[in-house]
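File shown: model04.cif (mmCIF, C-alpha atoms and all ligand atoms).
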data_start
loop_
_atom_site.group_PDB
_atom_site.id
_atom_site.type_symbol
_atom_site.label_atom_id
_atom_site.label_comp_id
_atom_site.auth_asym_id
_atom_site.auth_seq_id
_atom_site.Cartn_x
_atom_site.Cartn_y
_atom_site.Cartn_z
ATOM 1 C CA MET A 1 0.000 0.000 0.000
ATOM 2 C CA SER A 2 1.108 3.567 -0.696
ATOM 3 C CA ALA A 3 2.455 5.563 2.264
ATOM 4 C CA LEU A 4 0.471 8.652 1.229
ATOM 5 C CA PRO A 5 -2.663 9.364 3.317
ATOM 6 C CA TYR A 6 -4.208 11.340 0.417
ATOM 7 C CA ARG A 7 -3.957 10.888 -3.330
ATOM 8 C CA ILE A 8 -5.283 13.095 -6.107
ATOM 9 C CA GLY A 9 -6.785 11.577 -9.239
ATOM 10 C CA TYR A 10 -7.598 13.253 -12.550
ATOM 11 C CA GLY A 11 -9.443 11.907 -15.577
ATOM 12 C CA GLU A 12 -10.974 13.119 -18.794
ATOM 13 C CA ASP A 13 -12.942 11.777 -21.709
ATOM 14 C CA ALA A 14 -14.424 13.043 -24.946
ATOM 15 C CA HIS A 15 -16.884 11.628 -27.459
ATOM 16 C CA ARG A 16 -18.109 12.782 -30.830
ATOM 17 C CA LEU A 17 -21.852 13.484 -30.946
ATOM 18 C CA GLU A 18 -24.159 12.127 -33.627
ATOM 19 C CA ALA A 19 -27.883 12.648 -34.188
ATOM 20 C CA GLY A 20 -30.193 9.722 -33.434
ATOM 21 C CA ARG A 21 -28.266 8.494 -30.384
ATOM 22 C CA THR A 22 -29.197 8.755 -26.714
ATOM 23 C CA LEU A 23 -26.967 11.052 -24.642
ATOM 24 C CA VAL A 24 -26.196 9.786 -21.136
ATOM 25 C CA LEU A 25 -24.142 11.868 -18.697
ATOM 26 C CA GLY A 26 -23.376 11.092 -15.080
ATOM 27 C CA GLY A 27 -25.607 8.037 -15.304
ATOM 28 C CA VAL A 28 -28.619 10.171 -16.289
ATOM 29 C CA PRO A 29 -30.248 10.192 -19.762
ATOM 30 C CA VAL A 30 -30.351 13.738 -21.176
ATOM 31 C CA PRO A 31 -33.834 14.433 -22.557
ATOM 32 C CA HIS A 32 -34.166 16.414 -25.797
ATOM 33 C CA ALA A 33 -30.455 16.106 -26.630
ATOM 34 C CA PRO A 34 -30.042 16.758 -30.375
ATOM 35 C CA ALA A 35 -27.297 14.114 -30.509
ATOM 36 C CA GLY A 36 -25.692 11.374 -28.437
ATOM 37 C CA ALA A 37 -22.162 10.026 -28.011
ATOM 38 C CA VAL A 38 -20.547 7.752 -30.571
ATOM 39 C CA ALA A 39 -18.921 5.094 -28.379
ATOM 40 C CA HIS A 40 -18.376 1.413 -27.807
ATOM 41 C CA SER A 41 -20.165 1.611 -24.423
ATOM 42 C CA ASP A 42 -23.140 3.863 -23.574
ATOM 43 C CA GLY A 43 -20.669 6.742 -24.102
ATOM 44 C CA ASP A 44 -21.122 8.385 -20.692
ATOM 45 C CA ALA A 45 -18.123 10.750 -20.782
ATOM 46 C CA ALA A 46 -18.772 11.915 -17.202
ATOM 47 C CA LEU A 47 -18.585 8.421 -15.702
ATOM 48 C CA HIS A 48 -15.568 7.584 -17.868
ATOM 49 C CA ALA A 49 -13.729 10.697 -16.613
ATOM 50 C CA LEU A 50 -14.584 9.849 -12.996
ATOM 51 C CA ALA A 51 -13.464 6.231 -13.427
ATOM 52 C CA ASP A 52 -10.164 7.357 -14.957
ATOM 53 C CA ALA A 53 -9.732 9.841 -12.088
ATOM 54 C CA LEU A 54 -10.115 7.014 -9.552
ATOM 55 C CA LEU A 55 -7.631 4.815 -11.403
ATOM 56 C CA SER A 56 -5.094 7.593 -11.954
ATOM 57 C CA GLY A 57 -5.074 8.474 -8.250
ATOM 58 C CA LEU A 58 -3.461 5.127 -7.551
ATOM 59 C CA ALA A 59 -1.541 4.858 -10.815
ATOM 60 C CA LEU A 60 -3.768 1.988 -11.943
ATOM 61 C CA GLY A 61 -3.870 2.924 -15.616
ATOM 62 C CA ASP A 62 -7.087 3.794 -17.434
ATOM 63 C CA ILE A 63 -10.467 2.270 -18.219
ATOM 64 C CA GLY A 64 -9.438 1.162 -21.696
ATOM 65 C CA GLN A 65 -7.095 -1.368 -20.084
ATOM 66 C CA TYR A 66 -9.926 -2.950 -18.087
ATOM 67 C CA PHE A 67 -12.672 -2.507 -20.696
ATOM 68 C CA PRO A 68 -11.016 -2.620 -24.150
ATOM 69 C CA ASP A 69 -13.131 -1.051 -26.884
ATOM 70 C CA THR A 70 -12.242 -4.011 -29.097
ATOM 71 C CA ALA A 71 -14.100 -6.491 -26.846
ATOM 72 C CA ALA A 72 -17.607 -7.349 -28.060
ATOM 73 C CA GLU A 73 -18.700 -8.056 -24.475
ATOM 74 C CA TRP A 74 -18.421 -4.321 -23.588
ATOM 75 C CA GLN A 75 -20.529 -3.125 -26.535
ATOM 76 C CA GLY A 76 -23.313 -0.872 -25.204
ATOM 77 C CA LEU A 77 -22.000 -1.312 -21.652
ATOM 78 C CA ASP A 78 -23.649 0.698 -18.853
ATOM 79 C CA SER A 79 -20.764 2.936 -17.708
ATOM 80 C CA ALA A 80 -21.905 2.503 -14.089
ATOM 81 C CA VAL A 81 -20.248 -0.928 -14.365
ATOM 82 C CA ILE A 82 -16.950 0.745 -15.340
ATOM 83 C CA LEU A 83 -17.115 3.178 -12.425
ATOM 84 C CA ALA A 84 -18.018 0.381 -9.987
ATOM 85 C CA ARG A 85 -14.972 -1.618 -11.120
ATOM 86 C CA ALA A 86 -12.652 1.392 -10.714
ATOM 87 C CA LEU A 87 -14.035 2.008 -7.217
ATOM 88 C CA GLU A 88 -13.557 -1.649 -6.335
ATOM 89 C CA LEU A 89 -9.877 -1.444 -7.390
ATOM 90 C CA VAL A 90 -9.374 1.709 -5.302
ATOM 91 C CA ARG A 91 -11.025 0.171 -2.239
ATOM 92 C CA ALA A 92 -8.987 -3.024 -2.627
ATOM 93 C CA ARG A 93 -5.879 -0.856 -2.166
ATOM 94 C CA GLY A 94 -7.207 0.656 1.057
ATOM 95 C CA TYR A 95 -8.478 4.007 -0.282
ATOM 96 C CA ARG A 96 -11.884 5.624 -0.712
ATOM 97 C CA PRO A 97 -13.032 8.815 -2.467
ATOM 98 C CA ALA A 98 -13.522 11.783 -0.104
ATOM 99 C CA ASN A 99 -14.834 14.228 -2.693
ATOM 100 C CA ALA A 100 -15.004 14.565 -6.449
ATOM 101 C CA ALA A 101 -15.437 17.393 -8.945
ATOM 102 C CA LEU A 102 -16.668 17.062 -12.517
ATOM 103 C CA VAL A 103 -16.840 19.536 -15.411
ATOM 104 C CA VAL A 104 -18.837 18.692 -18.542
ATOM 105 C CA THR A 105 -18.350 20.769 -21.684
ATOM 106 C CA LEU A 106 -21.349 20.571 -24.005
ATOM 107 C CA ASP A 107 -22.982 23.230 -26.157
ATOM 108 C CA ARG A 108 -26.532 21.847 -26.246
ATOM 109 C CA PRO A 109 -28.780 21.222 -24.438
ATOM 110 C CA LYS A 110 -28.447 23.116 -21.172
ATOM 111 C CA LEU A 111 -27.635 20.634 -18.431
ATOM 112 C CA GLY A 112 -28.401 22.889 -15.452
ATOM 113 C CA PRO A 113 -31.822 21.292 -14.878
ATOM 114 C CA LEU A 114 -30.119 17.876 -14.566
ATOM 115 C CA ARG A 115 -27.369 18.974 -12.161
ATOM 116 C CA ALA A 116 -29.070 17.612 -9.016
ATOM 117 C CA ALA A 117 -30.002 14.273 -10.605
ATOM 118 C CA MET A 118 -26.489 13.815 -11.995
ATOM 119 C CA ALA A 119 -24.840 14.746 -8.681
ATOM 120 C CA GLN A 120 -27.134 12.361 -6.827
ATOM 121 C CA ARG A 121 -26.415 9.443 -9.156
ATOM 122 C CA MET A 122 -22.640 10.007 -9.278
ATOM 123 C CA ALA A 123 -22.484 10.413 -5.474
ATOM 124 C CA GLU A 124 -24.398 7.158 -5.152
ATOM 125 C CA LEU A 125 -21.999 5.360 -7.514
ATOM 126 C CA LEU A 126 -18.945 6.764 -5.687
ATOM 127 C CA GLN A 127 -20.533 6.027 -2.279
ATOM 128 C CA LEU A 128 -20.165 9.691 -1.316
ATOM 129 C CA PRO A 129 -22.528 12.165 0.343
ATOM 130 C CA GLU A 130 -24.111 14.366 -2.346
ATOM 131 C CA THR A 131 -22.434 17.412 -0.782
ATOM 132 C CA GLU A 132 -19.066 15.969 -1.819
ATOM 133 C CA MET A 133 -19.905 15.677 -5.528
ATOM 134 C CA GLY A 134 -19.308 18.914 -7.448
ATOM 135 C CA VAL A 135 -20.857 19.215 -10.905
ATOM 136 C CA SER A 136 -20.119 22.096 -13.318
ATOM 137 C CA PHE A 137 -21.114 22.700 -16.917
ATOM 138 C CA LYS A 138 -19.487 24.754 -19.647
ATOM 139 C CA THR A 139 -20.256 25.396 -23.278
ATOM 140 C CA SER A 140 -17.410 25.276 -25.788
ATOM 141 C CA GLU A 141 -18.640 28.689 -27.000
ATOM 142 C CA GLY A 142 -19.340 27.037 -30.346
ATOM 143 C CA LEU A 143 -15.794 25.749 -30.771
ATOM 144 C CA ALA A 144 -16.803 22.075 -30.490
ATOM 145 C CA PRO A 145 -20.544 21.772 -31.133
ATOM 146 C CA ASP A 146 -20.411 18.067 -32.090
ATOM 147 C CA HIS A 147 -18.464 17.030 -29.080
ATOM 148 C CA VAL A 148 -18.949 16.229 -25.389
ATOM 149 C CA GLN A 149 -16.052 16.453 -22.981
ATOM 150 C CA ALA A 150 -15.753 15.659 -19.284
ATOM 151 C CA ARG A 151 -12.964 16.288 -16.814
ATOM 152 C CA ALA A 152 -12.893 15.041 -13.243
ATOM 153 C CA THR A 153 -10.766 15.209 -10.125
ATOM 154 C CA VAL A 154 -11.105 13.028 -7.065
ATOM 155 C CA LEU A 155 -9.447 13.072 -3.658
ATOM 156 C CA LEU A 156 -8.694 9.584 -2.357
ATOM 157 C CA VAL A 157 -8.096 9.040 1.357
ATOM 158 C CA ALA A 158 -6.571 6.015 3.023
ATOM 159 C CA GLY A 159 -8.725 4.027 5.415
HETATM 160 N N1 LIG B 201 -24.567 22.396 -21.557
HETATM 161 C C1 LIG B 201 -24.489 23.417 -20.661
HETATM 162 C C2 LIG B 201 -23.465 24.362 -20.673
HETATM 163 C C3 LIG B 201 -23.488 25.372 -19.758
HETATM 164 N N2 LIG B 201 -24.499 25.452 -18.847
HETATM 165 C C4 LIG B 201 -24.540 26.572 -17.892
HETATM 166 O O1 LIG B 201 -24.469 27.794 -18.585
HETATM 167 C C5 LIG B 201 -23.720 28.737 -17.857
HETATM 168 C C6 LIG B 201 -22.692 29.428 -18.734
HETATM 169 O O2 LIG B 201 -21.810 28.543 -19.398
HETATM 170 P P1 LIG B 201 -20.569 29.139 -20.254
HETATM 171 O O3 LIG B 201 -19.887 28.009 -20.913
HETATM 172 O O4 LIG B 201 -21.146 30.089 -21.213
HETATM 173 O O5 LIG B 201 -19.654 29.805 -19.256
HETATM 174 C C7 LIG B 201 -23.150 28.056 -16.657
HETATM 175 O O6 LIG B 201 -23.897 28.451 -15.514
HETATM 176 C C8 LIG B 201 -23.385 26.583 -16.921
HETATM 177 O O7 LIG B 201 -23.714 25.876 -15.745
HETATM 178 C C9 LIG B 201 -25.482 24.498 -18.825
HETATM 179 O O8 LIG B 201 -26.422 24.530 -17.996
HETATM 180 N N3 LIG B 201 -25.457 23.490 -19.726
HETATM 181 C C1 LIG B 202 -15.566 2.383 -22.352
HETATM 182 C C2 LIG B 202 -14.873 1.811 -23.536
HETATM 183 C C3 LIG B 202 -15.189 0.301 -23.595
HETATM 184 O O1 LIG B 202 -16.544 0.066 -23.871
HETATM 185 O O2 LIG B 202 -15.259 2.330 -24.789
HETATM 186 P P1 LIG B 202 -15.938 3.739 -25.176
HETATM 187 O O3 LIG B 202 -17.369 3.720 -24.795
HETATM 188 O O4 LIG B 202 -15.685 3.993 -26.630
HETATM 189 O O5 LIG B 202 -15.268 4.846 -24.266
HETATM 190 P P2 LIG B 202 -13.799 5.472 -24.249
HETATM 191 O O6 LIG B 202 -13.804 6.459 -23.116
HETATM 192 O O7 LIG B 202 -13.431 5.997 -25.564
HETATM 193 O O8 LIG B 202 -12.763 4.294 -23.892
HETATM 194 C C4 LIG B 202 -12.858 3.319 -22.907
HETATM 195 C C5 LIG B 202 -13.358 2.075 -23.585
HETATM 196 O O9 LIG B 202 -12.513 1.053 -23.681
#
Render the structure in this file as structure tokens.
Amino acid sequence: MSALPYRIGYGEDAHRLEAGRTLVLGGVPVPHAPAGAVAHSDGDAALHALADALLSGLALGDIGQYFPDTAAEWQGLDSAVILARALELVRARGYRPANAALVVTLDRPKLGPLRAAMAQRMAELLQLPETEMGVSFKTSEGLAPDHVQARATVLLVAG
């Protein structure tokens, strides 16, 4: 086990958006989204960024190593499964998340109305109080309209 009592993790993910697909972010379907993520899994960039943040905090690599996008068994996978696996790996090494912060960059639609539902679901998946799950949204100011991006940090504590 690492000697550090605290460890910082950082993760990010991006997916191209295409009309006719469902957009899922933070484990919550986004109603009225004009396009959804092109991905091997359900394309939930927020959960992928959080899972990579957990793994990076303990230098455990990234989600592609555990869930290769070449494996047919992960096609259409619910990204909650990916996050649960990353959390399991963190806990097996004697750490747990203390708080997490997520930023999603998306031009349309506005995600503000979903902030509470997303925070609640991600806190539940990370086994955190909702007060410890920060959720922010940004537009790309039109620079990347066909694109969703998520970035996440997590503080891991020993014990
Ligand atoms: N998909 C989005 C993007 C942004 N918001 C909210 O809009 C505000 C301004 O965003 P800027 O990128 O122009 O700084 C900010 O309060 C975001 O929370 C949103 O709800 N959904
Ligand atoms: C989740 C996995 C596996 O289904 O695929 P995608 O949904 O394409 O997501 P990405 O963040 O590009 O990479 C991790 C993958 O291996």
How would you write, as a list in words, the residues chosen by the PyMOL selection byres (((chain A and resi 62) around 10) and not hetatm) on this structure? Gly11, His48, Ala49, Ala51, Asp52, Ala53, Leu54, Leu55, Ser56, Ala59, Leu60, Gly61, Ile63, Gly64, Gln65, Tyr66, Phe67 and Ala86 of chain A
Matched chain/residue IDs from the PyMOL selection byres (((chain A and resi 21) around 7) and not hetatm), as number ranges by chain: A: 18-20, 22-23, 35-37
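With distances taken over all atoms listed in the file, A:Thr139 is the one residue among A:Gln127, A:Gln120, A:Gln149, A:Thr139 lying closest to ligand LIG 201 (chain B).
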9 Å from ligand LIG 201 (chain B) is the threshold here; counting all atoms listed in the file, which polymer residues fall inside it? Answer as a compact mmCIF listing (two decimals) with C-alpha atoms, keeping the file's coordinate frame.
# COMPACT_ATOMS: atom_id res chain seq x y z
CA VAL A 104 -18.84 18.69 -18.54
CA THR A 105 -18.35 20.77 -21.68
CA LEU A 106 -21.35 20.57 -24.00
CA ASP A 107 -22.98 23.23 -26.16
CA ARG A 108 -26.53 21.85 -26.25
CA PRO A 109 -28.78 21.22 -24.44
CA LYS A 110 -28.45 23.12 -21.17
CA LEU A 111 -27.64 20.63 -18.43
CA GLY A 112 -28.40 22.89 -15.45
CA PRO A 113 -31.82 21.29 -14.88
CA LEU A 114 -30.12 17.88 -14.57
CA ARG A 115 -27.37 18.97 -12.16
CA VAL A 135 -20.86 19.22 -10.90
CA SER A 136 -20.12 22.10 -13.32
CA PHE A 137 -21.11 22.70 -16.92
CA LYS A 138 -19.49 24.75 -19.65
CA THR A 139 -20.26 25.40 -23.28
CA SER A 140 -17.41 25.28 -25.79
CA GLU A 141 -18.64 28.69 -27.00
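Remark: for ligand LIG 202 (chain B), the closest of the candidate residues A:Glu88, A:Asp146, A:Asp69, A:Glu130 is A:Asp69 (distances computed over all atoms listed in the file).
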Quick one: residues within 10 Å of ligand LIG 202 (chain B), with only C-alpha atoms and all ligand atoms, as a VMD selection string? chain A and resid 12 to 16 37 to 49 51 to 52 62 to 79 81 to 82
File dump, residues just selected, C-alpha atoms, as a tab-separated table (two decimals), keeping the file's coordinate frame:
chain	number	residue	atom	x	y	z
A	12	GLU	CA	-10.97	13.12	-18.79
A	13	ASP	CA	-12.94	11.78	-21.71
A	14	ALA	CA	-14.42	13.04	-24.95
A	15	HIS	CA	-16.88	11.63	-27.46
A	16	ARG	CA	-18.11	12.78	-30.83
A	37	ALA	CA	-22.16	10.03	-28.01
A	38	VAL	CA	-20.55	7.75	-30.57
A	39	ALA	CA	-18.92	5.09	-28.38
A	40	HIS	CA	-18.38	1.41	-27.81
A	41	SER	CA	-20.16	1.61	-24.42
A	42	ASP	CA	-23.14	3.86	-23.57
A	43	GLY	CA	-20.67	6.74	-24.10
A	44	ASP	CA	-21.12	8.38	-20.69
A	45	ALA	CA	-18.12	10.75	-20.78
A	46	ALA	CA	-18.77	11.92	-17.20
A	47	LEU	CA	-18.58	8.42	-15.70
A	48	HIS	CA	-15.57	7.58	-17.87
A	49	ALA	CA	-13.73	10.70	-16.61
A	51	ALA	CA	-13.46	6.23	-13.43
A	52	ASP	CA	-10.16	7.36	-14.96
A	62	ASP	CA	-7.09	3.79	-17.43
A	63	ILE	CA	-10.47	2.27	-18.22
A	64	GLY	CA	-9.44	1.16	-21.70
A	65	GLN	CA	-7.10	-1.37	-20.08
A	66	TYR	CA	-9.93	-2.95	-18.09
A	67	PHE	CA	-12.67	-2.51	-20.70
A	68	PRO	CA	-11.02	-2.62	-24.15
A	69	ASP	CA	-13.13	-1.05	-26.88
A	70	THR	CA	-12.24	-4.01	-29.10
A	71	ALA	CA	-14.10	-6.49	-26.85
A	72	ALA	CA	-17.61	-7.35	-28.06
A	73	GLU	CA	-18.70	-8.06	-24.48
A	74	TRP	CA	-18.42	-4.32	-23.59
A	75	GLN	CA	-20.53	-3.12	-26.54
A	76	GLY	CA	-23.31	-0.87	-25.20
A	77	LEU	CA	-22.00	-1.31	-21.65
A	78	ASP	CA	-23.65	0.70	-18.85
A	79	SER	CA	-20.76	2.94	-17.71
A	81	VAL	CA	-20.25	-0.93	-14.36
A	82	ILE	CA	-16.95	0.74	-15.34
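Among the candidate residues A:Val148, A:Ala123, A:Met118, A:Ala3, the one lying nearest to A:Ala33 is A:Val148, with distances computed using all atoms listed in the file.
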For this structure, which residues satisfy the selection - the PyMOL selection byres (((chain A and resi 102) around 7) and not hetatm) - when it is evaluated on the file as given? I want them as a VMD selection string. chain A and resid 100 to 101 103 to 104 134 to 136 150 to 153
Padding 6 Å on each side, edges along x, y and z: where is the centre of the box around the listed atoms of stretch 54-59 of chain A, and how long are its edges in Å to one decimal? Output it as AutoDock Vina command-line options.
--center_x -5.8 --center_y 6.6 --center_z -9.8 --size_x 20.6 --size_y 15.7 --size_z 16.4
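Nearest-residue note for A:Ala116: choosing from A:Leu128, A:Pro29, A:Leu50, A:Met133, the minimum distance belongs to A:Met133, counting all atoms listed in the file.
The gap separating atom CA of A:Leu156 from atom CA of A:Arg96 is 5.3 Å, in Å to one decimal.
Of the residues listed (A:Pro145, A:Gly9, A:Gly26, A:Pro34), A:Gly9 shows the shortest atom-to-atom separation from A:Pro97; distances use all atoms listed in the file.
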Give me stretch 5-41 of chain A with N, CA and C atoms filled in, as a PDB file, in the coordinates of the input.
ATOM      1  N   PRO A   5      -1.308   9.425   2.762  1.00  0.00           N
ATOM      2  CA  PRO A   5      -2.663   9.364   3.317  1.00  0.00           C
ATOM      3  C   PRO A   5      -3.726   9.877   2.339  1.00  0.00           C
ATOM      4  N   TYR A   6      -3.299  10.773   1.424  1.00  0.00           N
ATOM      5  CA  TYR A   6      -4.208  11.340   0.417  1.00  0.00           C
ATOM      6  C   TYR A   6      -3.589  11.159  -0.956  1.00  0.00           C
ATOM      7  N   ARG A   7      -4.459  10.956  -1.946  1.00  0.00           N
ATOM      8  CA  ARG A   7      -3.957  10.888  -3.330  1.00  0.00           C
ATOM      9  C   ARG A   7      -4.964  11.597  -4.239  1.00  0.00           C
ATOM     10  N   ILE A   8      -4.431  12.370  -5.154  1.00  0.00           N
ATOM     11  CA  ILE A   8      -5.283  13.095  -6.107  1.00  0.00           C
ATOM     12  C   ILE A   8      -5.405  12.276  -7.384  1.00  0.00           C
ATOM     13  N   GLY A   9      -6.604  12.220  -7.941  1.00  0.00           N
ATOM     14  CA  GLY A   9      -6.785  11.577  -9.239  1.00  0.00           C
ATOM     15  C   GLY A   9      -7.405  12.550 -10.225  1.00  0.00           C
ATOM     16  N   TYR A  10      -7.043  12.398 -11.484  1.00  0.00           N
ATOM     17  CA  TYR A  10      -7.598  13.253 -12.550  1.00  0.00           C
ATOM     18  C   TYR A  10      -7.939  12.386 -13.756  1.00  0.00           C
ATOM     19  N   GLY A  11      -9.080  12.651 -14.363  1.00  0.00           N
ATOM     20  CA  GLY A  11      -9.443  11.907 -15.577  1.00  0.00           C
ATOM     21  C   GLY A  11     -10.205  12.779 -16.544  1.00  0.00           C
ATOM     22  N   GLU A  12     -10.140  12.417 -17.812  1.00  0.00           N
ATOM     23  CA  GLU A  12     -10.974  13.119 -18.794  1.00  0.00           C
ATOM     24  C   GLU A  12     -11.396  12.180 -19.903  1.00  0.00           C
ATOM     25  N   ASP A  13     -12.446  12.580 -20.596  1.00  0.00           N
ATOM     26  CA  ASP A  13     -12.942  11.777 -21.709  1.00  0.00           C
ATOM     27  C   ASP A  13     -13.679  12.681 -22.683  1.00  0.00           C
ATOM     28  N   ALA A  14     -13.704  12.280 -23.927  1.00  0.00           N
ATOM     29  CA  ALA A  14     -14.424  13.043 -24.946  1.00  0.00           C
ATOM     30  C   ALA A  14     -15.063  12.060 -25.918  1.00  0.00           C
ATOM     31  N   HIS A  15     -16.235  12.426 -26.415  1.00  0.00           N
ATOM     32  CA  HIS A  15     -16.884  11.628 -27.459  1.00  0.00           C
ATOM     33  C   HIS A  15     -17.483  12.558 -28.510  1.00  0.00           C
ATOM     34  N   ARG A  16     -17.445  12.079 -29.731  1.00  0.00           N
ATOM     35  CA  ARG A  16     -18.109  12.782 -30.830  1.00  0.00           C
ATOM     36  C   ARG A  16     -19.610  12.573 -30.671  1.00  0.00           C
ATOM     37  N   LEU A  17     -20.391  13.577 -31.042  1.00  0.00           N
ATOM     38  CA  LEU A  17     -21.852  13.484 -30.946  1.00  0.00           C
ATOM     39  C   LEU A  17     -22.456  13.269 -32.325  1.00  0.00           C
ATOM     40  N   GLU A  18     -23.490  12.440 -32.354  1.00  0.00           N
ATOM     41  CA  GLU A  18     -24.159  12.127 -33.627  1.00  0.00           C
ATOM     42  C   GLU A  18     -25.664  12.079 -33.380  1.00  0.00           C
ATOM     43  N   ALA A  19     -26.421  12.651 -34.308  1.00  0.00           N
ATOM     44  CA  ALA A  19     -27.883  12.648 -34.188  1.00  0.00           C
ATOM     45  C   ALA A  19     -28.415  11.222 -34.161  1.00  0.00           C
ATOM     46  N   GLY A  20     -29.540  11.035 -33.452  1.00  0.00           N
ATOM     47  CA  GLY A  20     -30.193   9.722 -33.434  1.00  0.00           C
ATOM     48  C   GLY A  20     -29.688   8.808 -32.334  1.00  0.00           C
ATOM     49  N   ARG A  21     -28.761   9.296 -31.504  1.00  0.00           N
ATOM     50  CA  ARG A  21     -28.266   8.494 -30.384  1.00  0.00           C
ATOM     51  C   ARG A  21     -28.723   9.115 -29.070  1.00  0.00           C
ATOM     52  N   THR A  22     -28.827   8.260 -28.038  1.00  0.00           N
ATOM     53  CA  THR A  22     -29.197   8.755 -26.714  1.00  0.00           C
ATOM     54  C   THR A  22     -27.946   9.313 -26.031  1.00  0.00           C
ATOM     55  N   LEU A  23     -28.085  10.475 -25.403  1.00  0.00           N
ATOM     56  CA  LEU A  23     -26.967  11.052 -24.642  1.00  0.00           C
ATOM     57  C   LEU A  23     -27.169  10.734 -23.158  1.00  0.00           C
ATOM     58  N   VAL A  24     -26.162  10.110 -22.577  1.00  0.00           N
ATOM     59  CA  VAL A  24     -26.196   9.786 -21.136  1.00  0.00           C
ATOM     60  C   VAL A  24     -24.997  10.458 -20.484  1.00  0.00           C
ATOM     61  N   LEU A  25     -25.233  11.181 -19.404  1.00  0.00           N
ATOM     62  CA  LEU A  25     -24.142  11.868 -18.697  1.00  0.00           C
ATOM     63  C   LEU A  25     -24.319  11.719 -17.183  1.00  0.00           C
ATOM     64  N   GLY A  26     -23.287  11.275 -16.526  1.00  0.00           N
ATOM     65  CA  GLY A  26     -23.376  11.092 -15.080  1.00  0.00           C
ATOM     66  C   GLY A  26     -24.392  10.042 -14.677  1.00  0.00           C
ATOM     67  N   GLY A  27     -24.646   9.105 -15.582  1.00  0.00           N
ATOM     68  CA  GLY A  27     -25.607   8.037 -15.304  1.00  0.00           C
ATOM     69  C   GLY A  27     -27.056   8.440 -15.521  1.00  0.00           C
ATOM     70  N   VAL A  28     -27.251   9.640 -16.095  1.00  0.00           N
ATOM     71  CA  VAL A  28     -28.619  10.171 -16.289  1.00  0.00           C
ATOM     72  C   VAL A  28     -28.862  10.417 -17.781  1.00  0.00           C
ATOM     73  N   PRO A  29     -29.940   9.879 -18.353  1.00  0.00           N
ATOM     74  CA  PRO A  29     -30.248  10.192 -19.762  1.00  0.00           C
ATOM     75  C   PRO A  29     -30.610  11.674 -19.906  1.00  0.00           C
ATOM     76  N   VAL A  30     -30.108  12.301 -20.957  1.00  0.00           N
ATOM     77  CA  VAL A  30     -30.351  13.738 -21.176  1.00  0.00           C
ATOM     78  C   VAL A  30     -31.522  13.877 -22.148  1.00  0.00           C
ATOM     79  N   PRO A  31     -32.684  14.319 -21.655  1.00  0.00           N
ATOM     80  CA  PRO A  31     -33.834  14.433 -22.557  1.00  0.00           C
ATOM     81  C   PRO A  31     -33.634  15.562 -23.569  1.00  0.00           C
ATOM     82  N   HIS A  32     -34.196  15.389 -24.741  1.00  0.00           N
ATOM     83  CA  HIS A  32     -34.166  16.414 -25.797  1.00  0.00           C
ATOM     84  C   HIS A  32     -32.756  16.753 -26.292  1.00  0.00           C
ATOM     85  N   ALA A  33     -31.794  15.849 -26.086  1.00  0.00           N
ATOM     86  CA  ALA A  33     -30.455  16.106 -26.630  1.00  0.00           C
ATOM     87  C   ALA A  33     -30.528  15.930 -28.142  1.00  0.00           C
ATOM     88  N   PRO A  34     -29.981  16.886 -28.918  1.00  0.00           N
ATOM     89  CA  PRO A  34     -30.042  16.758 -30.375  1.00  0.00           C
ATOM     90  C   PRO A  34     -29.167  15.623 -30.909  1.00  0.00           C
ATOM     91  N   ALA A  35     -28.223  15.162 -30.064  1.00  0.00           N
ATOM     92  CA  ALA A  35     -27.297  14.114 -30.509  1.00  0.00           C
ATOM     93  C   ALA A  35     -26.748  13.384 -29.286  1.00  0.00           C
ATOM     94  N   GLY A  36     -26.285  12.159 -29.525  1.00  0.00           N
ATOM     95  CA  GLY A  36     -25.692  11.374 -28.437  1.00  0.00           C
ATOM     96  C   GLY A  36     -24.281  10.941 -28.801  1.00  0.00           C
ATOM     97  N   ALA A  37     -23.576  10.365 -27.829  1.00  0.00           N
ATOM     98  CA  ALA A  37     -22.162  10.026 -28.011  1.00  0.00           C
ATOM     99  C   ALA A  37     -21.978   8.803 -28.904  1.00  0.00           C
ATOM    100  N   VAL A  38     -20.988   8.904 -29.785  1.00  0.00           N
ATOM    101  CA  VAL A  38     -20.547   7.752 -30.571  1.00  0.00           C
ATOM    102  C   VAL A  38     -19.505   7.049 -29.708  1.00  0.00           C
ATOM    103  N   ALA A  39     -19.796   5.801 -29.315  1.00  0.00           N
ATOM    104  CA  ALA A  39     -18.921   5.094 -28.379  1.00  0.00           C
ATOM    105  C   ALA A  39     -19.158   3.599 -28.466  1.00  0.00           C
ATOM    106  N   HIS A  40     -18.244   2.863 -27.886  1.00  0.00           N
ATOM    107  CA  HIS A  40     -18.376   1.413 -27.807  1.00  0.00           C
ATOM    108  C   HIS A  40     -19.353   1.047 -26.684  1.00  0.00           C
ATOM    109  N   SER A  41     -19.258   1.800 -25.560  1.00  0.00           N
ATOM    110  CA  SER A  41     -20.165   1.611 -24.423  1.00  0.00           C
ATOM    111  C   SER A  41     -21.369   2.529 -24.604  1.00  0.00           C
TER     112      SER A  41
END
